[in-house]
Amino acid sequence: MIVNDINEYVSLNVLQNYCSMHGGNCEECKLRDLCDCMASSPESWSLVFEGEKDENEENNEIKEKIEGILLKYGRREFKYDENNVCMFYKHEEQEVAIANESIYQNQGTIYFDNYDLCKQAIEEAGEDNIKKYIFGVDSK
């Protein structure tokens, strides 16, 4: 067989070596999903079996849910010279705090029209969740 694409060559060699290690009985193989995956080019390999999620994928899903709750009360748009209430993490106190930025715009921040909306968002999302999934710090 002649293979012109290096990715196809690599994937076929890996697949051939893998299948020879587990006996080549692919019809009843419990790892058939892995074989099917590895028959494609390496860039598309997904070595997470169906039904399983890796930790990063799971954390990203939770982060998106937390951001969704925050956006229910807030916005991504910065309004110059107006209320742009936002939260930040105070490392010494290990707490989420609230500030109002009217002229300084932060990257990736969710802004709120007032303190009460920000407090409601924190309460609904959970301060520990915000610490972990938004600021990337473990609650103690």
# chains A, B, ... in the order shown; residues from 1 in each chain; ligands from 1
$ residues_around --residues "A:Glu124" --least-positions-apart "2" --cutoff "12 Å" --atoms "only C-alpha atoms" --output "VMD selection string"
chain A and resid 65 to 73 117 to 122 126 to 130
$ closest_residue --among "A:Glu92, A:Asp138, A:Glu77, A:Lys132" --to "A:Asn60" --atoms "only C-alpha atoms"
A:Lys132
$ residues_around --residues "A:Ile110" --least-positions-apart "6" --cutoff "7 Å" --atoms "only C-alpha atoms" --output "list in words"
Leu71, Gly74, Arg75, Arg76 and Cys86 of chain A
$ residues_around --residues "A:Ile103" --least-positions-apart "6" --cutoff "10 Å" --atoms "only C-alpha atoms" --output "ChimeraX atom specification"
/A:78-84
$ closest_residue --among "A:Lys131, A:Gly136, A:Ala99, A:Asp54" --to "A:Tyr115" --atoms "only C-alpha atoms"
A:Ala99
$ atom_distance --atom1 "atom CA of A:Phe88" --atom2 "atom CA of A:Phe135"
8.1 Å
$ atom_distance --atom1 "atom CA of A:Met87" --atom2 "atom CA of A:Gln105"
12.5 Å
$ select_by_dssp --residues "stretch 65-134 of chain A" --states "strand (DSSP E)" --output "VMD selection string"
chain A and resid 85 to 90 95 to 100
$ atom_distance --atom1 "atom CA of A:Tyr104" --atom2 "atom CA of A:His91"
20.7 Å
